[in-house]
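Working notes, beginning with the structure itself.
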2 protein chains.
Amino acid sequence: MPEFSSLEYARMQDAGDELASFRERFLIAEPDLVYVDGNSLGRLPKAALELSRELVEQQWGSRLIRGWNEGWLDLSTRIGGKIARLIGAGTDEVLLADSTSVNLFKLSVAAMRARPGRSRIVTDALNFPSDLYVLRAAADLCGGELCVVPSEDGITVPLQALRFVMGDDVALVSLSHTTYKSAFVHDMRAVTAAAHAAGALMLWDLSHSVGSVPVDLERAGADLAVGCAYKYLNGGPGAPAFLYVRRSLQEALQNPISGWLGRDDPFSFSPDYEAASGLRRFISGTPPVLSLAMIEPGVDLVLEAGLDRIRAKSIQQTEYLISRWEQELRPLGYTLASPRDSAQRGSHVALAHAEGQRLNDALIERWNVIPDFRPPNVIRVGVSPLYTTYTELHGAVQALKSLASGLG
Amino acid sequence: MPEFSSLEYARMQDAGDELASFRERFLIAEPDLVYVDGNSLGRLPKAALELSRELVEQQWGSRLIRGWNEGWLDLSTRIGGKIARLIGAGTDEVLLADSTSVNLFKLSVAAMRARPGRSRIVTDALNFPSDLYVLRAAADLCGGELCVVPSEDGITVPLQALRFVMGDDVALVSLSHTTYKSAFVHDMRAVTAAAHAAGALMLWDLSHSVGSVPVDLERAGADLAVGCAYKYLNGGPGAPAFLYVRRSLQEALQNPISGWLGRDDPFSFSPDYEAASGLRRFISGTPPVLSLAMIEPGVDLVLEAGLDRIRAKSIQQTEYLISRWEQELRPLGYTLASPRDSAQRGSHVALAHAEGQRLNDALIERWNVIPDFRPPNVIRVGVSPLYTTYTELHGAVQALKSLASGLG
């Protein structure tokens, strides 16, 4: 048995990995590159490369305007229906549209207006900054305010801290399910129940969960959700985002950006807006077809591999990283900025270091290792189980080690 | 000299067309297809087909997250700067983001909030329905209301009808410069002056003008504009839209959807939003890179051909259509639903017919002619001078004629 910290050990793990063949389904242009940033931008599925040719030359180039009736109009709900299976939602509860920020705006304004007399939105300091900005703007536009629960350790926010501010003035609680920096995972069911007990609606941002951490919106009783398709779903740079509205809530909420494709029968070109029944009302303008269609191959790969297997490998790989951190990196000044308990951790490991920014830059420039950096001092090492190898993670650890030793 | 209504005449016109070579720069997959719907979805530039390969395989596939620093982050303002040259704006006054509807929402809410104490938005009944829906929603969200000036003839709205409702309670006047159904073109300078005289801001939707009708926002003193990139700019299905904010107004307006990419230094990941200086504050979330980048080849073709030549050919071709309508189609029950004066007309010709819907369907199914239909009875014949031939227009007229004769 090779030593745990050896390259041989990593290779042995790769050889025994039942998801190993999925790596071949992605373009690996630089075999020596250690890409541990799939949590920021996922790799290109080979099927997406094929699709892009068909999409541009055949669909746009040859079919022209006919493309709308030959599939484009349904892309948003059809691919949304596939994503639904990854987050415990019905196929009529998820669609793709706009960006995560715009979707968050639409749903949070809709939620505020559905709870007149309640003026607050509750979130926490671990939420992605864009969510904080948009929630504050939505609250402001509706004459309310945003309440941001701090994180004492910078890594987690316990349920009781959230519950403490959930009074009867709260219209909406909105959190990232897996937080972007520490990868802390909220207890979706417990937090949702607390929000409901306070009479508030619950909105989850699933950007750092979808495709890597199992989510069951229905079982949790969640009302609303948004999320991003370019991380673990491998949907392409800036891929349109998804949104979820619980079925029983769909008719009660109004999209504040009431564009034509959210109208009942948009091709009536009627001067008055009548919201489409069901979820379609949350579409606004015409979607960017090329970017939208390109999401499907990545989602298909996640469905094919199965979230249980993905999650199992993700836990194994983040545990591997953390074990190596304990033995080799902690003595060099790295601290773990992610939860130690895998049940509370998503699919990346955050390592803080006083020289974090310099180390991150050197990883990229001198070691061909790509993680990413989040201020003030966190290096995120992302695991995307469909293509991340133990050999890569070994390479990342070796580089982190060598660089920090060199600092001394 | 061949007869005006003959195929030979059309071919002779094509032979003498100085823009003829531009047609070869587009993919023409079906040479026999008469495509007169470039005003709805423009054709695929061959350069875009090349770009799509580079973009997907090289940029996303190989460069991965590095793509953001190698060009993606600047796409929005860089291509926006090119579009600026087509609409009389500065390169720092135009950017690409979101859809036309979402941009209209952002700018109209920003305008309403910049004019406190004024509660009305003025538009007209010829505006695109999505604009009416979004303007009404924006007014509503800000506690105001939308005033829609009717069109008496269904084709035009005179300045004095607009001026009549421009009281001191008007915060914003928002119109389509070229209207989607009749192709009527407002006098941008005169309407803008009237809005300003009333103390209102002026917002133009340039979707049916950009790339076909010269626009000079600066000369007109316009405050705000939005527009679409998938019509005469040939930017691809659902291509992201552009927005314009007059330089001197940029610091005074706030984007209501304050997403992270509109923040000053978004990569600070700071919990508080501080709007970027200048126009970038009107970006919200992460843009769909593939759809966004694909806009550039079409814009380049328009710049290369030059708007003066494009407009000259557009007028010649719409005049050709109208002359043939007068002689051959009017007797068959078609009425002209576009302005007769080319100075007031954009780049399509609207023909109304009691059997409009049936005729439109038959054109597509039996004649391989693709125009489009707008309720209740209008067939739009679009001229996109970079690739529309007289031979195609001849084919469209022949089909319109044969079909309507057959109805008799």
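For the structure tokens, the naming scheme is as follows: chains receive sequential letters (A, B, ...) according to their order of presentation, residues are indexed from 1 within each chain, and ligands are indexed from 1 in presentation order.
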
Can you list every residue of chain B that has an atom at most 6 Å from chain A, with its nearest atom pair and the distance in Å to one decimal, using only C-alpha atoms, ordered by chain then number, as a Markdown table?
| residue | atom | partner | partner_atom | distance |
| --- | --- | --- | --- | --- |
| B:Ala29 | CA | A:Ser62 | CA | 5.3 |
| B:Leu41 | CA | A:Ile65 | CA | 5.7 |
| B:Leu44 | CA | A:Gly61 | CA | 5.0 |
| B:Gly61 | CA | A:Leu44 | CA | 5.0 |
| B:Ser62 | CA | A:Ala29 | CA | 5.3 |
| B:Ile65 | CA | A:Leu41 | CA | 5.8 |
| B:Ser99 | CA | A:Gly285 | CA | 5.5 |
| B:Ser101 | CA | A:Gly285 | CA | 5.1 |
| B:Pro129 | CA | A:Pro271 | CA | 5.3 |
| B:Ser130 | CA | A:Trp260 | CA | 4.6 |
| B:Tyr133 | CA | A:Tyr273 | CA | 5.6 |
| B:Val134 | CA | A:Ser258 | CA | 5.4 |
| B:Pro237 | CA | A:Val289 | CA | 5.6 |
| B:Gly238 | CA | A:Pro288 | CA | 4.1 |
| B:Ala239 | CA | A:Pro288 | CA | 5.1 |
| B:Ser258 | CA | A:Val134 | CA | 5.4 |
| B:Gly259 | CA | A:Ser130 | CA | 5.1 |
| B:Trp260 | CA | A:Ser130 | CA | 4.6 |
| B:Phe269 | CA | A:Pro129 | CA | 5.8 |
| B:Pro271 | CA | A:Pro129 | CA | 5.3 |
| B:Tyr273 | CA | A:Tyr133 | CA | 5.6 |
| B:Gly285 | CA | A:Ser101 | CA | 5.1 |
| B:Thr286 | CA | A:Gly238 | CA | 5.3 |
| B:Pro287 | CA | A:Gly238 | CA | 5.1 |
| B:Pro288 | CA | A:Gly238 | CA | 4.1 |
| B:Val289 | CA | A:Gly238 | CA | 5.4 |
| B:Leu290 | CA | A:Ser291 | CA | 5.5 |
| B:Ser291 | CA | A:Ser291 | CA | 5.4 |

Export of the given selection (N, CA and C atoms) as a PDB file, in the first residue's frame:
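Final output, out08.pdb:
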ATOM      1  N   ALA B  29     -28.011  28.751 -46.597  1.00  0.00           N
ATOM      2  CA  ALA B  29     -28.115  27.289 -46.613  1.00  0.00           C
ATOM      3  C   ALA B  29     -29.113  26.797 -47.657  1.00  0.00           C
ATOM      4  N   LEU B  41     -35.286  37.779 -37.108  1.00  0.00           N
ATOM      5  CA  LEU B  41     -34.027  37.111 -36.767  1.00  0.00           C
ATOM      6  C   LEU B  41     -33.092  37.205 -37.960  1.00  0.00           C
ATOM      7  N   LEU B  44     -27.073  34.199 -40.248  1.00  0.00           N
ATOM      8  CA  LEU B  44     -25.797  33.852 -39.617  1.00  0.00           C
ATOM      9  C   LEU B  44     -24.613  34.353 -40.448  1.00  0.00           C
ATOM     10  N   GLY B  61     -13.274  25.758 -23.658  1.00  0.00           N
ATOM     11  CA  GLY B  61     -12.695  24.435 -23.477  1.00  0.00           C
ATOM     12  C   GLY B  61     -11.252  24.453 -22.993  1.00  0.00           C
ATOM     13  N   SER B  62     -10.438  25.346 -23.543  1.00  0.00           N
ATOM     14  CA  SER B  62      -9.013  25.313 -23.209  1.00  0.00           C
ATOM     15  C   SER B  62      -8.602  26.346 -22.171  1.00  0.00           C
ATOM     16  N   ILE B  65     -11.513  29.184 -16.851  1.00  0.00           N
ATOM     17  CA  ILE B  65     -11.795  30.400 -16.087  1.00  0.00           C
ATOM     18  C   ILE B  65     -10.928  31.589 -16.527  1.00  0.00           C
ATOM     19  N   SER B  99     -31.697  41.140 -21.600  1.00  0.00           N
ATOM     20  CA  SER B  99     -32.588  41.233 -22.755  1.00  0.00           C
ATOM     21  C   SER B  99     -33.083  42.667 -22.873  1.00  0.00           C
ATOM     22  N   SER B 101     -36.109  43.675 -22.732  1.00  0.00           N
ATOM     23  CA  SER B 101     -37.128  43.908 -21.694  1.00  0.00           C
ATOM     24  C   SER B 101     -36.485  44.202 -20.338  1.00  0.00           C
ATOM     25  N   PRO B 129     -45.368  45.396 -27.682  1.00  0.00           N
ATOM     26  CA  PRO B 129     -46.131  45.018 -26.482  1.00  0.00           C
ATOM     27  C   PRO B 129     -45.255  44.781 -25.252  1.00  0.00           C
ATOM     28  N   SER B 130     -44.097  44.154 -25.407  1.00  0.00           N
ATOM     29  CA  SER B 130     -43.261  43.910 -24.231  1.00  0.00           C
ATOM     30  C   SER B 130     -42.865  45.228 -23.573  1.00  0.00           C
ATOM     31  N   TYR B 133     -45.789  46.385 -21.503  1.00  0.00           N
ATOM     32  CA  TYR B 133     -45.911  45.603 -20.260  1.00  0.00           C
ATOM     33  C   TYR B 133     -44.865  46.063 -19.245  1.00  0.00           C
ATOM     34  N   VAL B 134     -43.636  46.187 -19.717  1.00  0.00           N
ATOM     35  CA  VAL B 134     -42.538  46.499 -18.797  1.00  0.00           C
ATOM     36  C   VAL B 134     -42.657  47.936 -18.278  1.00  0.00           C
ATOM     37  N   PRO B 237     -29.934  34.196 -32.337  1.00  0.00           N
ATOM     38  CA  PRO B 237     -31.232  34.098 -31.645  1.00  0.00           C
ATOM     39  C   PRO B 237     -31.161  34.476 -30.173  1.00  0.00           C
ATOM     40  N   GLY B 238     -31.981  35.441 -29.787  1.00  0.00           N
ATOM     41  CA  GLY B 238     -32.022  35.882 -28.391  1.00  0.00           C
ATOM     42  C   GLY B 238     -30.743  36.544 -27.917  1.00  0.00           C
ATOM     43  N   ALA B 239     -29.932  37.035 -28.839  1.00  0.00           N
ATOM     44  CA  ALA B 239     -28.679  37.711 -28.456  1.00  0.00           C
ATOM     45  C   ALA B 239     -28.948  38.763 -27.377  1.00  0.00           C
ATOM     46  N   SER B 258     -29.053  45.748  -8.825  1.00  0.00           N
ATOM     47  CA  SER B 258     -27.653  46.039  -8.525  1.00  0.00           C
ATOM     48  C   SER B 258     -26.849  44.763  -8.316  1.00  0.00           C
ATOM     49  N   GLY B 259     -26.636  44.035  -9.391  1.00  0.00           N
ATOM     50  CA  GLY B 259     -25.844  42.803  -9.318  1.00  0.00           C
ATOM     51  C   GLY B 259     -24.353  43.086  -9.253  1.00  0.00           C
ATOM     52  N   TRP B 260     -23.612  42.040  -8.994  1.00  0.00           N
ATOM     53  CA  TRP B 260     -22.192  42.213  -8.672  1.00  0.00           C
ATOM     54  C   TRP B 260     -21.357  42.796  -9.801  1.00  0.00           C
ATOM     55  N   PHE B 269     -15.521  41.416  -3.622  1.00  0.00           N
ATOM     56  CA  PHE B 269     -16.519  40.619  -2.896  1.00  0.00           C
ATOM     57  C   PHE B 269     -16.941  41.306  -1.597  1.00  0.00           C
ATOM     58  N   PRO B 271     -19.321  43.223   1.032  1.00  0.00           N
ATOM     59  CA  PRO B 271     -20.749  43.035   1.326  1.00  0.00           C
ATOM     60  C   PRO B 271     -21.625  44.222   0.919  1.00  0.00           C
ATOM     61  N   TYR B 273     -22.770  47.324  -1.680  1.00  0.00           N
ATOM     62  CA  TYR B 273     -22.748  47.702  -3.098  1.00  0.00           C
ATOM     63  C   TYR B 273     -22.321  49.147  -3.238  1.00  0.00           C
ATOM     64  N   GLY B 285     -26.040  40.837 -13.516  1.00  0.00           N
ATOM     65  CA  GLY B 285     -25.348  39.575 -13.271  1.00  0.00           C
ATOM     66  C   GLY B 285     -24.331  39.235 -14.355  1.00  0.00           C
ATOM     67  N   THR B 286     -23.841  38.022 -14.287  1.00  0.00           N
ATOM     68  CA  THR B 286     -22.843  37.527 -15.241  1.00  0.00           C
ATOM     69  C   THR B 286     -23.496  37.338 -16.615  1.00  0.00           C
ATOM     70  N   PRO B 287     -22.889  37.898 -17.661  1.00  0.00           N
ATOM     71  CA  PRO B 287     -23.520  37.814 -18.987  1.00  0.00           C
ATOM     72  C   PRO B 287     -23.293  36.454 -19.654  1.00  0.00           C
ATOM     73  N   PRO B 288     -24.217  36.045 -20.528  1.00  0.00           N
ATOM     74  CA  PRO B 288     -24.076  34.771 -21.249  1.00  0.00           C
ATOM     75  C   PRO B 288     -23.025  34.918 -22.349  1.00  0.00           C
ATOM     76  N   VAL B 289     -21.801  34.509 -22.031  1.00  0.00           N
ATOM     77  CA  VAL B 289     -20.645  34.811 -22.874  1.00  0.00           C
ATOM     78  C   VAL B 289     -20.802  34.338 -24.318  1.00  0.00           C
ATOM     79  N   LEU B 290     -21.288  33.102 -24.495  1.00  0.00           N
ATOM     80  CA  LEU B 290     -21.344  32.574 -25.860  1.00  0.00           C
ATOM     81  C   LEU B 290     -22.270  33.437 -26.721  1.00  0.00           C
ATOM     82  N   SER B 291     -23.470  33.684 -26.228  1.00  0.00           N
ATOM     83  CA  SER B 291     -24.419  34.507 -26.990  1.00  0.00           C
ATOM     84  C   SER B 291     -23.910  35.935 -27.152  1.00  0.00           C
TER      85      SER B 291
END

Q.
Residues within 6 Å of range 86-96 of chain B, please, as a VMD selection string. Count only C-alpha atoms; anything in the same chain fewer than 3 positions from it doesn't count.
A. chain B and resid 76 to 77 80 to 81 83 215 to 218 241 to 245 247

Q: Output as a ChimeraX atom specification all residues of range 4-219 of chain A that backbone DSSP marks as helix (DSSP H, G or I).
A: /A:7-15,20-25,46-68,72-84,100-114,129-141,159-164,188-197,217-219

Q: Mind listing the strand (DSSP E or B) residues of range 15-193 of chain A, per DSSP on the backbone, as a ChimeraX atom specification?
A: /A:26,34-35,45,94-97,120-124,145-149,170-176,178,184-185

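Counting only C-alpha atoms, Pro331 in chain A has the following residues at most 10 Å away, ignoring those fewer than 6 positions along the same chain: Trp325, Lys401, Ala404 and Ser405 of chain A.
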
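Near Ala222 in chain B, within 9 Å and counting only C-alpha atoms, sit Met188, Arg189, Thr192, Ala193, Leu201, Met202, Leu203, Trp204, Asp216, Val245 and Arg246 of chain B; same-chain residues fewer than 6 positions away were not included.
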
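Separating CA of Leu233 in chain A from CA of Ser277 in chain A is a distance of 28.3 Å.
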